[in-house]
$ cat run.cif   # mmCIF, C-alpha atoms
data_target
#
loop_
_atom_site.label_atom_id
_atom_site.label_comp_id
_atom_site.auth_asym_id
_atom_site.auth_seq_id
_atom_site.Cartn_x
_atom_site.Cartn_y
_atom_site.Cartn_z
CA MET A 1 -61.40 120.86 52.74
CA THR A 2 -63.41 120.18 49.56
CA THR A 3 -65.26 117.20 48.17
CA PRO A 4 -64.56 116.35 44.53
CA GLY A 5 -67.62 115.52 42.45
CA ASP A 6 -70.11 117.20 44.76
CA SER A 7 -73.23 117.60 42.60
CA GLY A 8 -74.72 120.24 44.87
CA GLY A 9 -77.73 118.11 45.80
CA ARG A 10 -78.99 117.58 42.24
CA GLU A 11 -80.78 114.26 41.90
CA THR A 12 -78.26 112.26 39.92
CA TRP A 13 -76.04 109.23 40.12
CA PRO A 14 -73.07 109.71 42.45
CA MET A 15 -69.60 110.34 41.06
CA TRP A 16 -66.89 107.69 41.35
CA GLU A 17 -63.14 107.98 40.95
CA VAL A 18 -61.56 105.19 38.91
CA PHE A 19 -58.14 103.64 39.45
CA VAL A 20 -56.74 101.18 36.89
CA ARG A 21 -53.75 98.88 37.32
CA SER A 22 -52.16 98.38 33.91
CA SER A 23 -50.28 95.20 34.76
CA ARG A 24 -49.28 92.97 37.64
CA GLY A 25 -46.76 94.54 39.97
CA LEU A 26 -47.71 98.15 39.17
CA SER A 27 -49.87 100.42 41.31
CA HIS A 28 -53.44 101.38 40.53
CA VAL A 29 -53.30 104.80 38.87
CA HIS A 30 -56.11 107.33 38.77
CA SER A 31 -57.71 107.19 35.29
CA GLY A 32 -60.68 109.51 35.64
CA SER A 33 -64.16 109.68 37.07
CA LEU A 34 -67.66 108.62 36.09
CA HIS A 35 -71.26 108.43 37.26
CA ALA A 36 -72.90 105.18 38.38
CA SER A 37 -75.88 104.15 40.48
CA ASP A 38 -73.77 102.06 42.87
CA GLU A 39 -70.32 100.53 43.30
CA THR A 40 -71.04 97.41 41.25
CA MET A 41 -72.25 99.43 38.27
CA ALA A 42 -69.30 101.81 38.74
CA VAL A 43 -66.88 98.92 38.12
CA ARG A 44 -68.89 97.92 35.01
CA ASN A 45 -68.89 101.49 33.71
CA ALA A 46 -65.18 101.85 34.43
CA ARG A 47 -64.53 98.69 32.42
CA ASP A 48 -66.42 100.19 29.47
CA LEU A 49 -64.87 103.66 29.74
CA TYR A 50 -61.26 103.06 30.75
CA THR A 51 -60.22 99.52 29.68
CA ARG A 52 -61.53 99.31 26.10
CA ARG A 53 -58.05 98.93 24.64
CA ALA A 54 -56.81 96.34 27.13
CA GLU A 55 -55.32 98.99 29.42
CA GLY A 56 -55.86 97.15 32.67
CA VAL A 57 -55.88 93.98 34.73
CA SER A 58 -57.63 95.45 37.77
CA ILE A 59 -60.02 98.32 38.55
CA TRP A 60 -60.72 100.12 41.81
CA VAL A 61 -63.57 102.57 42.24
CA VAL A 62 -64.05 104.95 45.16
CA ARG A 63 -67.07 107.11 45.74
CA ALA A 64 -65.78 110.63 45.14
CA SER A 65 -67.56 111.92 48.23
CA ASP A 66 -65.52 109.47 50.34
CA ILE A 67 -62.30 111.17 49.31
CA THR A 68 -61.03 113.91 51.56
CA ALA A 69 -58.82 116.24 49.57
CA SER A 70 -56.54 119.17 50.27
CA ASP A 71 -57.93 122.60 49.55
CA PRO A 72 -56.64 123.89 46.18
CA ASP A 73 -57.07 127.51 47.35
CA ALA A 74 -54.75 126.92 50.29
CA ARG A 75 -51.97 125.29 48.32
CA GLY A 76 -49.57 128.13 49.07
CA ALA A 77 -49.32 127.44 52.76
CA PHE A 78 -49.86 123.75 52.20
CA PHE A 79 -47.21 122.96 49.59
CA GLU A 80 -44.79 125.87 49.37
CA SER A 81 -43.33 125.78 52.86
CA PRO A 82 -40.47 123.45 51.78
CA GLN A 83 -39.11 126.33 49.66
CA GLY A 84 -35.90 127.60 51.17
CA LYS A 85 -35.47 124.37 53.06
CA GLU A 86 -32.90 122.82 50.76
CA TYR A 87 -31.49 120.90 53.69
CA ARG A 88 -34.40 118.50 53.24
CA HIS A 89 -32.73 117.23 50.06
CA ALA A 90 -29.78 114.90 50.12
CA THR A 91 -28.01 117.10 47.54
CA TYR A 92 -27.74 119.90 50.15
CA TYR A 93 -25.03 118.00 51.94
CA THR A 94 -21.44 117.76 50.77
CA GLU A 95 -19.75 114.45 50.49
CA SER A 96 -17.08 113.88 53.04
CA ASP A 97 -13.76 112.58 51.70
CA SER A 98 -13.28 110.54 54.83
CA VAL A 99 -16.43 108.47 54.24
CA PRO A 100 -15.81 105.96 51.44
CA HIS A 101 -18.48 103.96 49.60
CA LEU A 102 -21.17 106.66 49.98
CA MET B 1 -53.05 104.41 26.33
CA SER B 2 -51.09 101.33 25.29
CA HIS B 3 -51.07 100.50 21.57
CA THR B 4 -49.29 97.21 22.18
CA SER B 5 -52.66 95.85 23.25
CA ASN B 6 -53.62 92.40 24.33
CA ARG B 7 -52.34 89.84 21.83
CA SER B 8 -55.34 87.54 22.21
CA ILE B 9 -57.60 90.40 21.05
CA SER B 10 -55.56 91.21 17.97
CA THR B 11 -55.32 87.57 16.83
CA ALA B 12 -59.04 86.75 17.25
CA VAL B 13 -61.08 86.24 14.10
CA THR B 14 -62.51 89.40 12.52
CA ALA B 15 -64.42 90.27 9.35
CA GLU B 16 -61.10 91.37 7.82
CA THR B 17 -59.28 88.08 8.55
CA ILE B 18 -62.23 86.12 7.16
CA ALA B 19 -62.26 88.22 3.98
CA THR B 20 -58.51 87.89 3.39
CA ALA B 21 -58.43 84.15 4.22
CA GLY B 22 -60.32 83.51 0.97
CA VAL B 23 -62.58 80.82 2.46
CA VAL B 24 -65.71 80.26 0.37
CA ALA B 25 -68.83 79.27 2.31
CA PRO B 26 -71.05 76.53 0.85
CA GLU B 27 -74.35 78.16 -0.14
CA SER B 28 -76.47 76.41 2.53
CA VAL B 29 -73.97 77.44 5.24
CA ALA B 30 -73.98 80.98 3.87
CA ARG B 31 -77.77 81.19 4.13
CA TYR B 32 -77.53 80.06 7.75
CA ALA B 33 -74.79 82.62 8.44
CA ILE B 34 -76.99 85.37 6.99
CA GLY B 35 -79.66 84.57 9.59
CA LEU B 36 -77.11 84.72 12.42
CA GLY B 37 -75.54 87.88 11.01
CA ASP B 38 -78.90 89.62 10.56
CA ASP B 39 -79.88 88.91 14.20
CA ALA B 40 -76.71 90.63 15.41
CA LEU B 41 -76.82 93.45 12.83
CA ILE B 42 -80.42 94.49 13.45
CA LEU B 43 -80.00 94.44 17.23
CA ALA B 44 -76.79 96.48 16.96
CA GLN B 45 -78.62 99.07 14.85
CA ARG B 46 -81.45 99.24 17.41
CA LEU B 47 -79.06 99.63 20.35
CA GLY B 48 -77.21 102.37 18.49
CA GLU B 49 -80.35 104.50 18.73
CA TRP B 50 -79.60 104.91 22.44
CA ILE B 51 -76.40 106.85 21.80
CA ALA B 52 -76.91 110.32 23.33
CA HIS B 53 -80.34 109.25 24.67
CA ALA B 54 -79.48 106.85 27.50
CA PRO B 55 -80.22 107.86 31.12
CA GLU B 56 -76.58 108.81 31.68
CA LEU B 57 -73.51 109.31 29.51
CA GLU B 58 -71.98 106.16 31.02
CA GLU B 59 -74.96 104.11 29.82
CA ASP B 60 -74.60 105.58 26.31
CA VAL B 61 -71.13 104.09 26.32
CA ALA B 62 -72.20 100.75 27.81
CA LEU B 63 -74.99 100.24 25.26
CA GLY B 64 -72.73 101.53 22.49
CA ASN B 65 -70.07 98.99 23.48
CA ILE B 66 -72.58 96.16 23.35
CA ALA B 67 -73.87 97.39 19.98
CA LEU B 68 -70.33 97.48 18.58
CA ASP B 69 -69.62 93.94 19.82
CA GLN B 70 -72.76 92.76 18.03
CA LEU B 71 -71.87 94.70 14.91
CA GLY B 72 -68.55 92.83 14.97
CA HIS B 73 -70.36 89.49 15.12
CA ALA B 74 -72.65 90.58 12.28
CA ARG B 75 -69.71 91.65 10.12
CA SER B 76 -67.97 88.30 10.60
CA PHE B 77 -71.09 86.25 9.80
CA LEU B 78 -72.06 88.39 6.80
CA THR B 79 -68.52 88.52 5.42
CA TYR B 80 -68.36 84.73 5.58
CA ALA B 81 -71.84 84.42 4.04
CA SER B 82 -71.06 86.86 1.22
CA SER B 83 -68.11 84.70 0.10
CA ALA B 84 -70.58 82.15 -1.30
CA TRP B 85 -71.68 84.58 -4.00
CA GLY B 86 -68.49 86.61 -4.44
CA LYS B 87 -70.07 89.56 -2.61
CA THR B 88 -69.10 91.68 0.39
CA GLU B 89 -70.59 92.27 3.83
CA ASP B 90 -71.77 95.69 2.59
CA ASP B 91 -73.71 94.12 -0.30
CA LEU B 92 -75.64 92.04 2.22
CA ALA B 93 -76.12 94.74 4.85
CA TYR B 94 -77.03 97.67 2.61
CA PHE B 95 -78.45 96.27 -0.60
CA ARG B 96 -81.00 93.72 0.52
CA ASP B 97 -84.64 94.69 1.05
CA GLU B 98 -86.85 93.98 4.03
CA SER B 99 -88.17 90.60 2.87
CA GLU B 100 -84.59 89.38 2.29
CA PHE B 101 -83.59 90.00 5.90
CA LEU B 102 -83.72 86.78 7.91
CA ASN B 103 -83.44 88.05 11.50
CA ARG B 104 -85.78 86.81 14.18
CA GLN B 105 -88.42 89.43 14.96
CA LEU B 106 -87.26 90.05 18.54
CA PHE B 107 -84.21 91.94 17.35
CA GLU B 108 -86.11 94.49 15.24
CA GLN B 109 -88.50 95.44 18.07
CA PRO B 110 -88.39 99.11 19.13
CA ASN B 111 -86.28 100.09 22.13
CA GLY B 112 -89.25 101.30 24.19
CA ASP B 113 -88.04 102.75 27.48
CA PHE B 114 -84.74 101.80 29.08
CA ALA B 115 -86.37 98.91 30.99
CA GLN B 116 -87.81 97.44 27.79
CA THR B 117 -84.40 97.64 26.13
CA ILE B 118 -82.90 95.83 29.13
CA ALA B 119 -85.61 93.14 28.87
CA ARG B 120 -84.89 92.62 25.16
CA GLN B 121 -81.15 92.62 25.83
CA LEU B 122 -81.50 90.03 28.58
CA VAL B 123 -83.40 87.67 26.28
CA ALA B 124 -81.03 88.34 23.39
CA SER B 125 -77.81 87.93 25.40
CA VAL B 126 -78.82 84.70 27.12
CA TYR B 127 -79.98 83.30 23.76
CA PHE B 128 -76.76 84.38 22.02
CA GLU B 129 -74.55 82.90 24.72
CA MET B 130 -76.24 79.51 24.45
CA LEU B 131 -76.30 79.62 20.67
CA TYR B 132 -72.64 80.62 20.31
CA THR B 133 -71.48 78.15 22.97
CA SER B 134 -73.15 75.40 20.97
CA LEU B 135 -71.86 76.81 17.67
CA THR B 136 -68.22 76.59 18.84
CA LYS B 137 -68.63 72.82 18.29
CA SER B 138 -69.72 73.32 14.67
CA THR B 139 -67.85 71.26 12.09
CA ASP B 140 -67.61 74.43 9.99
CA PRO B 141 -64.35 75.96 11.27
CA THR B 142 -65.22 79.56 10.35
CA LEU B 143 -68.58 79.49 12.13
CA ALA B 144 -66.89 77.86 15.15
CA ALA B 145 -64.18 80.55 15.23
CA ILE B 146 -66.67 83.42 14.99
CA ALA B 147 -68.73 81.85 17.79
CA ALA B 148 -65.67 81.33 20.01
CA LYS B 149 -64.83 85.03 19.84
CA ALA B 150 -68.43 86.17 20.24
CA VAL B 151 -69.27 84.01 23.24
CA LYS B 152 -66.84 85.85 25.53
CA GLU B 153 -68.39 89.17 24.59
CA VAL B 154 -72.01 88.09 25.09
CA SER B 155 -71.19 86.77 28.57
CA TYR B 156 -70.49 90.38 29.51
CA HIS B 157 -73.73 91.49 27.83
CA ILE B 158 -75.68 89.07 30.07
CA ASP B 159 -73.99 90.58 33.09
CA HIS B 160 -74.96 94.11 32.00
CA SER B 161 -78.63 93.25 31.50
CA THR B 162 -78.97 91.15 34.66
CA GLN B 163 -77.36 93.88 36.77
CA TRP B 164 -79.97 96.32 35.45
CA LEU B 165 -82.79 93.77 35.75
CA PHE B 166 -82.00 93.48 39.48
CA ARG B 167 -81.69 97.22 40.04
CA LEU B 168 -84.91 98.08 38.24
CA GLY B 169 -86.84 95.07 39.59
CA LEU B 170 -85.73 95.68 43.18
CA GLY B 171 -85.61 99.49 42.91
CA THR B 172 -88.59 101.81 43.27
CA THR B 173 -92.26 101.07 42.60
CA ILE B 174 -92.01 102.86 39.26
CA SER B 175 -88.81 101.09 38.16
CA ARG B 176 -90.33 97.73 39.10
CA GLU B 177 -93.52 98.47 37.13
CA ARG B 178 -91.57 99.56 34.08
CA MET B 179 -89.23 96.55 34.20
CA GLN B 180 -92.22 94.20 34.42
CA ARG B 181 -93.90 96.04 31.53
CA GLY B 182 -90.67 95.74 29.53
CA LEU B 183 -90.61 91.97 30.05
CA GLU B 184 -94.28 91.70 29.02
CA ALA B 185 -93.52 93.66 25.82
CA VAL B 186 -90.63 91.48 24.63
CA TRP B 187 -91.77 88.08 25.89
CA PRO B 188 -94.09 87.28 22.94
CA PHE B 189 -90.98 87.30 20.73
CA THR B 190 -88.93 84.77 22.74
CA ALA B 191 -90.71 81.65 21.45
CA GLU B 192 -89.59 82.36 17.88
CA LEU B 193 -85.94 82.09 18.91
CA PHE B 194 -86.42 78.38 19.59
CA SER B 195 -88.86 77.54 16.81
CA PRO B 196 -87.70 75.38 13.88
CA ASP B 197 -85.27 77.29 11.67
CA PRO B 198 -85.61 76.51 7.94
CA LEU B 199 -82.00 77.65 7.44
CA THR B 200 -80.62 74.79 9.56
CA GLU B 201 -82.09 72.10 7.28
CA GLY B 202 -79.44 69.73 5.96
CA LEU B 203 -76.77 71.27 8.20
CA GLU B 204 -76.48 68.62 10.94
CA GLY B 205 -73.26 69.13 12.85
CA ILE B 206 -72.79 72.58 11.29
CA ALA B 207 -75.83 74.54 12.48
CA VAL B 208 -77.37 74.62 15.96
CA ASN B 209 -80.86 73.23 16.39
CA PRO B 210 -82.59 76.16 18.12
CA SER B 211 -85.02 73.99 20.11
CA SER B 212 -82.02 72.42 21.90
CA LEU B 213 -81.36 75.76 23.63
CA ARG B 214 -84.81 76.21 25.13
CA VAL B 215 -84.40 74.36 28.44
CA ASP B 216 -81.22 76.19 29.45
CA PHE B 217 -82.65 79.52 28.33
CA ASP B 218 -85.80 79.03 30.43
CA ARG B 219 -83.77 78.01 33.47
CA VAL B 220 -81.44 81.04 33.34
CA THR B 221 -84.04 83.68 32.51
CA GLN B 222 -86.62 82.36 34.99
CA GLN B 223 -84.03 82.43 37.76
CA ALA B 224 -82.93 85.98 36.91
CA ILE B 225 -86.51 87.24 36.72
CA ALA B 226 -87.37 85.60 40.05
CA ASP B 227 -84.21 87.00 41.70
CA ALA B 228 -85.25 90.46 40.52
CA GLY B 229 -88.61 90.05 42.28
CA LEU B 230 -90.46 90.06 38.96
CA THR B 231 -93.00 87.75 37.38
CA LEU B 232 -92.37 85.57 34.35
CA PRO B 233 -94.69 86.94 31.64
CA THR B 234 -97.39 84.69 30.27
CA THR B 235 -98.12 86.86 27.22
CA PRO B 236 -98.82 84.60 24.21
CA ALA B 237 -96.22 84.17 21.48
CA VAL B 238 -96.41 86.03 18.19
CA ARG B 239 -96.48 84.11 14.91
CA GLY B 240 -92.85 84.76 14.01
CA GLY B 241 -91.38 83.97 10.62
CA GLY B 242 -88.31 86.19 10.65
CA ARG B 243 -86.12 83.39 9.27
CA SER B 244 -88.44 83.27 6.23
CA GLY B 245 -88.27 87.04 5.68
CA ILE B 246 -91.57 87.83 7.45
CA HIS B 247 -91.20 90.89 9.67
CA THR B 248 -93.13 93.26 11.90
CA GLU B 249 -93.78 96.86 10.91
CA SER B 250 -90.68 97.92 12.88
CA LEU B 251 -88.03 96.60 10.49
CA GLY B 252 -88.74 98.81 7.46
CA PRO B 253 -87.98 102.20 9.09
CA LEU B 254 -84.87 100.71 10.75
CA LEU B 255 -83.52 99.50 7.40
CA ALA B 256 -84.34 102.83 5.75
CA GLU B 257 -82.18 104.65 8.26
CA MET B 258 -79.40 102.04 8.19
CA GLN B 259 -79.21 101.82 4.39
CA VAL B 260 -79.94 105.34 3.15
CA LEU B 261 -76.34 106.58 3.10
CA ALA B 262 -74.88 103.52 1.39
CA ARG B 263 -77.64 103.59 -1.24
CA ALA B 264 -77.32 107.33 -1.88
CA HIS B 265 -73.55 107.02 -2.29
CA PRO B 266 -72.77 103.48 -3.50
CA ARG B 267 -69.17 102.35 -2.94
CA ALA B 268 -68.35 105.53 -1.01
CA THR B 269 -65.48 105.13 1.44
CA TRP B 270 -64.32 107.20 4.36
#
$ encode --input "run.cif" --output "structure tokens"
Amino acid sequence: MTTPGDSGGRETWPMWEVFVRSSRGLSHVHSGSLHASDETMAVRNARDLYTRRAEGVSIWVVRASDITASDPDARGAFFESPQGKEYRHATYYTESDSVPHL
Amino acid sequence: MSHTSNRSISTAVTAETIATAGVVAPESVARYAIGLGDDALILAQRLGEWIAHAPELEEDVALGNIALDQLGHARSFLTYASSAWGKTEDDLAYFRDESEFLNRQLFEQPNGDFAQTIARQLVASVYFEMLYTSLTKSTDPTLAAIAAKAVKEVSYHIDHSTQWLFRLGLGTTISRERMQRGLEAVWPFTAELFSPDPLTEGLEGIAVNPSSLRVDFDRVTQQAIADAGLTLPTTPAVRGGGRSGIHTESLGPLLAEMQVLARAHPRATW
């Protein structure tokens, strides 16, 4: 497992990941990352960096070090195992003539 | 991202809409608008000096955003003012000399360290919010419209400076010392903001009497400074005179930098 935004112990502001919701009813979508001294300032900085052109109605910030991510070097074993397992897709199966309204 | 941006932003008053509306400011109103425009213009220019020098890239952007908001206010006020003499905002911004600038002296003061900039920005933002709130009731519709747009932006500027005031005041020993020193450095220039303004004479109902803002300003700033664990400075006030064209030694070099390109290449466009 890896930690995004790990500064390697350099004395600096922590990294935050920013999620912006563009309008009511939609999900928050990852917009990017930034540095800030704390969570309150992270929301302020996110407002300045990612909503300057009225892109959002809501902002979430998460400290990057609080995110646990999959290991990019292990993506073969992690993501490629579904290959050859077409039966996991609905299109693998043939439609039966005897089942109407499917 | 989206180009179909917020409608309320695109319909708010701007320097361009004021210029194309063809409104001509009465000369006394125009003189008053120059003072307001110069306050915003000079502070915007000062804040711009932080770009690429702030403690972090994010703070470059935050201070740059605030500077651009203030530049927008300055452009609106100066565009309106320039209509009285058939001029443009650029004529007023780039082709007046130091003694013709009417900004209060606070706004031309050097940035100092980051804490001193925050101290100046706190004073400026609280003052602007009270001034513009009052100016929205002006009987001059253009001044009222400019103020109505500006007041929303300066509310955010207050938030930015108070957030930093708290963090520096309640942070480390060094940050607390520097924040206190920053307040001491800018405080002598606060009194001038509320001193009688010769440009408001004869403009009852149009201009804001600056002394009417003092009580609210003191209440808000004293509370913020106390909440940040800092002490209200007691440094004596400077003489002032910015509204009469009297300035400190800091304004000249600022104007030289701001005006050099426009004067070297008059009427250049890009």
$ interface_residues --input "run.cif" --of "chain A" --to "chain B" --cutoff "9 Å" --atoms "only C-alpha atoms" --output "list in words"
Trp13, Leu34, His35, Ala36, Thr40, Met41, Arg44, Asn45, Ala46, Asp48, Leu49, Arg52, Arg53, Ala54 and Glu55 of chain A
$ resolve_selection --input "run.cif" --expression "the PyMOL selection byres ((chain B and resi 25) around 9)" --output "ChimeraX atom specification"
/B:23-24,26-30,80-85,142
$ atom_distance --input "run.cif" --atom1 "atom CA of Val61 of chain A" --atom2 "atom CA of Asp73 of chain A"
26.3 Å
$ atom_distance --input "run.cif" --atom1 "atom CA of Gly37 of chain B" --atom2 "atom CA of Ile51 of chain B"
21.8 Å
$ atom_distance --input "run.cif" --atom1 "atom CA of Ser31 of chain A" --atom2 "atom CA of Trp50 of chain B"
25.5 Å
